[in-house]
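What follows is a set of notes on a single structure, which appears directly below.
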Amino acid sequence: MSEAGNGRRGALPPGVSRSLELGEKLRGEGYLADEGLATAIFLALKLGRPLFLEGEAGVGKTEVAKVLSRLLDTPLIRLQCYEGIDVHQAVYEWDYARQLLHIRTAEAFGEREERQRFEDELYTRQFLVSRPLLQAIEHEGAIPPVLLIDEVDRADDEFEAFLLEILSDFAITIPEIGTVQATRPPVAVLTSNRTREVHDALKRRCLYFYIDHPGLEREVEIVRMRVPGADERLARQVATAVQGLRSMDLYKPPGVAETLDWTEALVALGAKELDEALIEATLGSVVKYREDQQRALGASLSLLTGTGA
Ligand SMILES: Nc1ncnc2c1ncn2[C@@H]1O[C@H](COP(=O)(O)OP(=O)(O)OP(=O)(O)O)[C@@H](O)[C@H]1O
Ligand SMILES: [Mg+2]
């Protein structure tokens with residue numbers, strides 16, 4: 001296994017030395033990656049670099065981190081980003097309630113020295129609550145954890161700058177305690193729905209891959225793999241219709257997640273093949289805006305035949 005700069009070591013699953021083999025392993029875990037994505041994941045693992053995945057909703061970004069944690073047999077540590085997220089939610093926090101209790105106990109002691117000892121303990125490890133980034137850095141074990149920093153585009157600039165620091169050296173400085181350094185850098189996966197552009201500096205730390213909607217054949221295969229109750233004909237009809245919906249320039253085009261939901265709904269109704277009435281009855285599991293639904297219904301015949309809207 002190669003050793004890249006600043007002591008980073010790769011974390012490839014056992015028996016994987018090429019991206020093709022990784023693609024097969026991912027498939028074994030229920031994730032179908034095209035060659036480009038499999039190569040990006042392979043390189044991120046081998047070089048020990050964070051992987052930055054961008055793409056529309058439901059194309060399988062988050063799932064990459066989940067599947068990697070299964071494949072590497074290591075915990076998944078997830079940081080869900082949102083507007084206003086800060087160090088307290090992402091890295092660590094002092095447990096004020098317990099600190100207060102500790103002080104009260106100290107006050108019960110008459111001896112000054114004893115009280116001082118209690119006070120000195122206030123800002124030590126026992127009162128620190130680790131949040132996901134610190135958990136990932138502190139993780140001990142032969143295999144590093146998978147650190148998912150999900151929907152990073154929702155966080156603000158300040159937090160992004162902070163992430164940049166962490167992703168550079170996987171160390172965190174806590175003023176009262178000192179610097180905590182990861183023994184092995186976590187397998188970091190960042191995702192973005194591109195609601196805004198993430199800074200170049202952050203991207204530069206990472207390997208970047210844009211996940212597109214899958215093509216028809218791949219989507220049929222994903223449906224067959226993930227919804228075993230759907231037969232080939234139904235899977236193909238649903239995937240064809242979803243591809244048609246995506247070409248309609250809807251406000252919210254369906255992702256793979258919606259394709260799977262739709263198929264599951266149809267299977268639950270005992271459907272063997274798609275028709276206009278079924279599209280109308282089940283459209284809510286794939287198209288979730290009223291205007292989009294109206295457009296889709298107007299084009300349901302062409303969705304069935306795959307002739308485009
Ligand atoms: N290539 C794929 N192979 C197998 N399953 C997939 C694939 N792509 C997506 N899926 C499935 O589609 C669903 C949505 O995937 P996921 O949640 O990872 O999407 P996402 O890109 O993170 O979406 P969002 O931006 O909404 O968070 C999951 O159930 C996932 O398993
Ligand atoms: Mg996601």
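Chains: A, B, ... in order of the structure tokens. Residues: from 1 per chain. Ligands: from 1, in order shown.
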Show me, as a tab-separated table, the residues of chain A having an atom within 9 Å of ligand 2, each with the closest atom pair and its distance in Å, using only C-alpha atoms and all ligand atoms.
```
residue	atom	partner	partner_atom_place_in_ligand_line	distance
A:Ala57	CA	ligand 2	1 (Mg)	6.9
A:Gly58	CA	ligand 2	1 (Mg)	6.6
A:Val59	CA	ligand 2	1 (Mg)	8.2
A:Gly60	CA	ligand 2	1 (Mg)	6.9
A:Lys61	CA	ligand 2	1 (Mg)	5.5
A:Thr62	CA	ligand 2	1 (Mg)	4.1
A:Glu63	CA	ligand 2	1 (Mg)	7.1
A:Asp150	CA	ligand 2	1 (Mg)	6.5
A:Glu151	CA	ligand 2	1 (Mg)	6.8
A:Thr191	CA	ligand 2	1 (Mg)	7.1
A:Ser192	CA	ligand 2	1 (Mg)	8.1
A:Asn193	CA	ligand 2	1 (Mg)	8.0
```
Selection export as a PDB file, in the first residue's frame, atoms kept: N, CA and C atoms:
```pdb
ATOM      1  N   ALA A  57     -29.885  16.234  -6.053  1.00  0.00           N
ATOM      2  CA  ALA A  57     -30.467  15.441  -4.962  1.00  0.00           C
ATOM      3  C   ALA A  57     -30.747  14.011  -5.424  1.00  0.00           C
ATOM      4  N   GLY A  58     -30.441  13.076  -4.552  1.00  0.00           N
ATOM      5  CA  GLY A  58     -30.810  11.681  -4.781  1.00  0.00           C
ATOM      6  C   GLY A  58     -29.981  10.931  -5.805  1.00  0.00           C
ATOM      7  N   VAL A  59     -28.770  11.404  -6.104  1.00  0.00           N
ATOM      8  CA  VAL A  59     -27.954  10.675  -7.089  1.00  0.00           C
ATOM      9  C   VAL A  59     -26.999   9.681  -6.425  1.00  0.00           C
ATOM     10  N   GLY A  60     -27.039   9.603  -5.097  1.00  0.00           N
ATOM     11  CA  GLY A  60     -26.213   8.590  -4.426  1.00  0.00           C
ATOM     12  C   GLY A  60     -24.943   9.123  -3.781  1.00  0.00           C
ATOM     13  N   LYS A  61     -24.915  10.381  -3.401  1.00  0.00           N
ATOM     14  CA  LYS A  61     -23.702  10.965  -2.784  1.00  0.00           C
ATOM     15  C   LYS A  61     -23.509  10.428  -1.362  1.00  0.00           C
ATOM     16  N   THR A  62     -24.531  10.604  -0.543  1.00  0.00           N
ATOM     17  CA  THR A  62     -24.433  10.174   0.854  1.00  0.00           C
ATOM     18  C   THR A  62     -24.194   8.673   0.952  1.00  0.00           C
ATOM     19  N   GLU A  63     -24.828   7.950   0.042  1.00  0.00           N
ATOM     20  CA  GLU A  63     -24.738   6.483   0.070  1.00  0.00           C
ATOM     21  C   GLU A  63     -23.285   6.012  -0.101  1.00  0.00           C
ATOM     22  N   ASP A 150     -21.782  15.934   5.416  1.00  0.00           N
ATOM     23  CA  ASP A 150     -22.870  15.902   4.437  1.00  0.00           C
ATOM     24  C   ASP A 150     -23.444  17.300   4.183  1.00  0.00           C
ATOM     25  N   GLU A 151     -23.649  17.603   2.908  1.00  0.00           N
ATOM     26  CA  GLU A 151     -24.288  18.851   2.473  1.00  0.00           C
ATOM     27  C   GLU A 151     -23.542  20.074   2.967  1.00  0.00           C
ATOM     28  N   THR A 191     -20.109  16.000   0.826  1.00  0.00           N
ATOM     29  CA  THR A 191     -21.084  16.064  -0.261  1.00  0.00           C
ATOM     30  C   THR A 191     -21.637  17.484  -0.375  1.00  0.00           C
ATOM     31  N   SER A 192     -22.075  17.802  -1.576  1.00  0.00           N
ATOM     32  CA  SER A 192     -22.711  19.107  -1.796  1.00  0.00           C
ATOM     33  C   SER A 192     -23.783  18.972  -2.866  1.00  0.00           C
ATOM     34  N   ASN A 193     -24.915  19.629  -2.624  1.00  0.00           N
ATOM     35  CA  ASN A 193     -25.990  19.655  -3.622  1.00  0.00           C
ATOM     36  C   ASN A 193     -25.830  20.867  -4.532  1.00  0.00           C
TER      37      ASN A 193
END
```
*asked:* Quick one: residues within 10 Å of Glu107 (chain A), only C-alpha atoms, excluding same-chain residues fewer than 6 positions away - as a ChimeraX atom specification?
replied: /A:101,114-116,118-119
*Produce as number ranges by chain the set of residues near ligand 1, where near means within 9 Å with only C-alpha atoms and all ligand atoms considered.*
A: 26-27, 29-34, 53-67, 150-151, 191-193, 211, 213-214, 218-219, 221-223, 225-226, 255-261
_If we count only C-alpha atoms and set the cut-off at 6 Å, which residues sit around region 154-162 of chain A, ignoring sequence neighbours fewer than 4 positions away in its own chain? Please answer as a PyMOL selection string._
chain A and resi 81-83
Using all heavy atoms, can you write the selected residues to a file as a PDB file, in the first residue's frame?
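Once everything was written out, this is again-v7.pdb:
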```
ATOM      1  N   CYS A  81     -24.376  19.112   7.803  1.00  0.00           N
ATOM      2  CA  CYS A  81     -24.167  20.558   7.849  1.00  0.00           C
ATOM      3  C   CYS A  81     -25.497  21.295   7.681  1.00  0.00           C
ATOM      4  O   CYS A  81     -26.429  20.782   7.062  1.00  0.00           O
ATOM      5  CB  CYS A  81     -23.217  20.999   6.749  1.00  0.00           C
ATOM      6  SG  CYS A  81     -21.579  20.298   6.942  1.00  0.00           S
ATOM      7  N   TYR A  82     -25.573  22.469   8.238  1.00  0.00           N
ATOM      8  CA  TYR A  82     -26.748  23.326   8.075  1.00  0.00           C
ATOM      9  C   TYR A  82     -26.304  24.755   8.325  1.00  0.00           C
ATOM     10  O   TYR A  82     -25.197  24.998   8.841  1.00  0.00           O
ATOM     11  CB  TYR A  82     -27.876  22.915   9.029  1.00  0.00           C
ATOM     12  CG  TYR A  82     -27.443  22.788  10.467  1.00  0.00           C
ATOM     13  CD1 TYR A  82     -27.465  23.876  11.326  1.00  0.00           C
ATOM     14  CD2 TYR A  82     -26.966  21.576  10.964  1.00  0.00           C
ATOM     15  CE1 TYR A  82     -27.045  23.759  12.638  1.00  0.00           C
ATOM     16  CE2 TYR A  82     -26.545  21.458  12.276  1.00  0.00           C
ATOM     17  CZ  TYR A  82     -26.587  22.548  13.114  1.00  0.00           C
ATOM     18  OH  TYR A  82     -26.153  22.434  14.404  1.00  0.00           O
ATOM     19  N   GLU A  83     -27.166  25.690   7.961  1.00  0.00           N
ATOM     20  CA  GLU A  83     -26.815  27.098   8.112  1.00  0.00           C
ATOM     21  C   GLU A  83     -26.610  27.402   9.596  1.00  0.00           C
ATOM     22  O   GLU A  83     -27.442  27.036  10.423  1.00  0.00           O
ATOM     23  CB  GLU A  83     -27.965  27.937   7.558  1.00  0.00           C
ATOM     24  CG  GLU A  83     -27.516  29.277   7.063  1.00  0.00           C
ATOM     25  CD  GLU A  83     -28.698  30.086   6.559  1.00  0.00           C
ATOM     26  OE1 GLU A  83     -29.602  29.480   5.939  1.00  0.00           O
ATOM     27  OE2 GLU A  83     -28.701  31.293   6.804  1.00  0.00           O
TER      28      GLU A  83
END
```
*asked:* Residues near Tyr208 (chain A), anyone? I mean within 10 Å using only C-alpha atoms, not counting same-chain ones fewer than 2 positions away, as an NGL selection string.
replied: :A and (37 or 40-41 or 44 or 50-54 or 190-191 or 203-206 or 210-211)
*Rounded to one decimal in Å, what is the spacing between CA of Val220 (chain A) and CA of Leu234 (chain A)?*
9.2 Å
*Please provide as a ChimeraX atom specification all residues within 10 Å of region 268-275 of chain A, with the sequence filter that same-chain residues fewer than 4 positions apart are discarded (counting only C-alpha atoms).*
/A:229-238,241,262-264,279-280,282,300-301,303-304
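Comparing the minimum interatomic distances between Trp94 (chain A) and each of A:Glu24, A:Glu176, A:Asp153, A:Glu140, counting only C-alpha atoms, we find that A:Glu176 sits nearest.
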_From a backbone DSSP assignment, name each residue in region 239-299 of chain A labelled helix (DSSP H, G or I), as a PyMOL selection string._
chain A and resi 239-246+256-268+276-285+290-298
*With a distance cut-off of 6 Å and only C-alpha atoms, select the neighbouring residues of region 128-138 of chain A, excluding the residue or stretch itself and same-chain residues fewer than 5 positions from it, and output the selection as a PyMOL selection string.*
chain A and resi 79+90-94+182
Using the selection just defined, write its residues with C-alpha atoms as a PDB file, in the first residue's frame.
```pdb
ATOM      1  CA  LEU A  79     -21.729  15.484  10.345  1.00  0.00           C
ATOM      2  CA  ALA A  90     -19.267  19.968  14.860  1.00  0.00           C
ATOM      3  CA  VAL A  91     -16.205  19.524  17.059  1.00  0.00           C
ATOM      4  CA  TYR A  92     -16.653  19.676  20.815  1.00  0.00           C
ATOM      5  CA  GLU A  93     -18.557  21.281  23.595  1.00  0.00           C
ATOM      6  CA  TRP A  94     -18.013  21.626  27.330  1.00  0.00           C
ATOM      7  CA  ALA A 182      -5.538  11.715  14.282  1.00  0.00           C
TER       8      ALA A 182
END
```
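Excluding Leu100 (chain A) and any residue on its chain fewer than 3 positions from it, the residues at most 12 Å away by only C-alpha atoms are A:Trp94, A:Asp95, A:Tyr96, A:Ala97, A:Ile103, A:Arg104, A:Thr105, A:Ala106, A:Glu107, A:Phe118, A:Glu119, A:Glu121, A:Leu122, A:Tyr123, A:Phe127.
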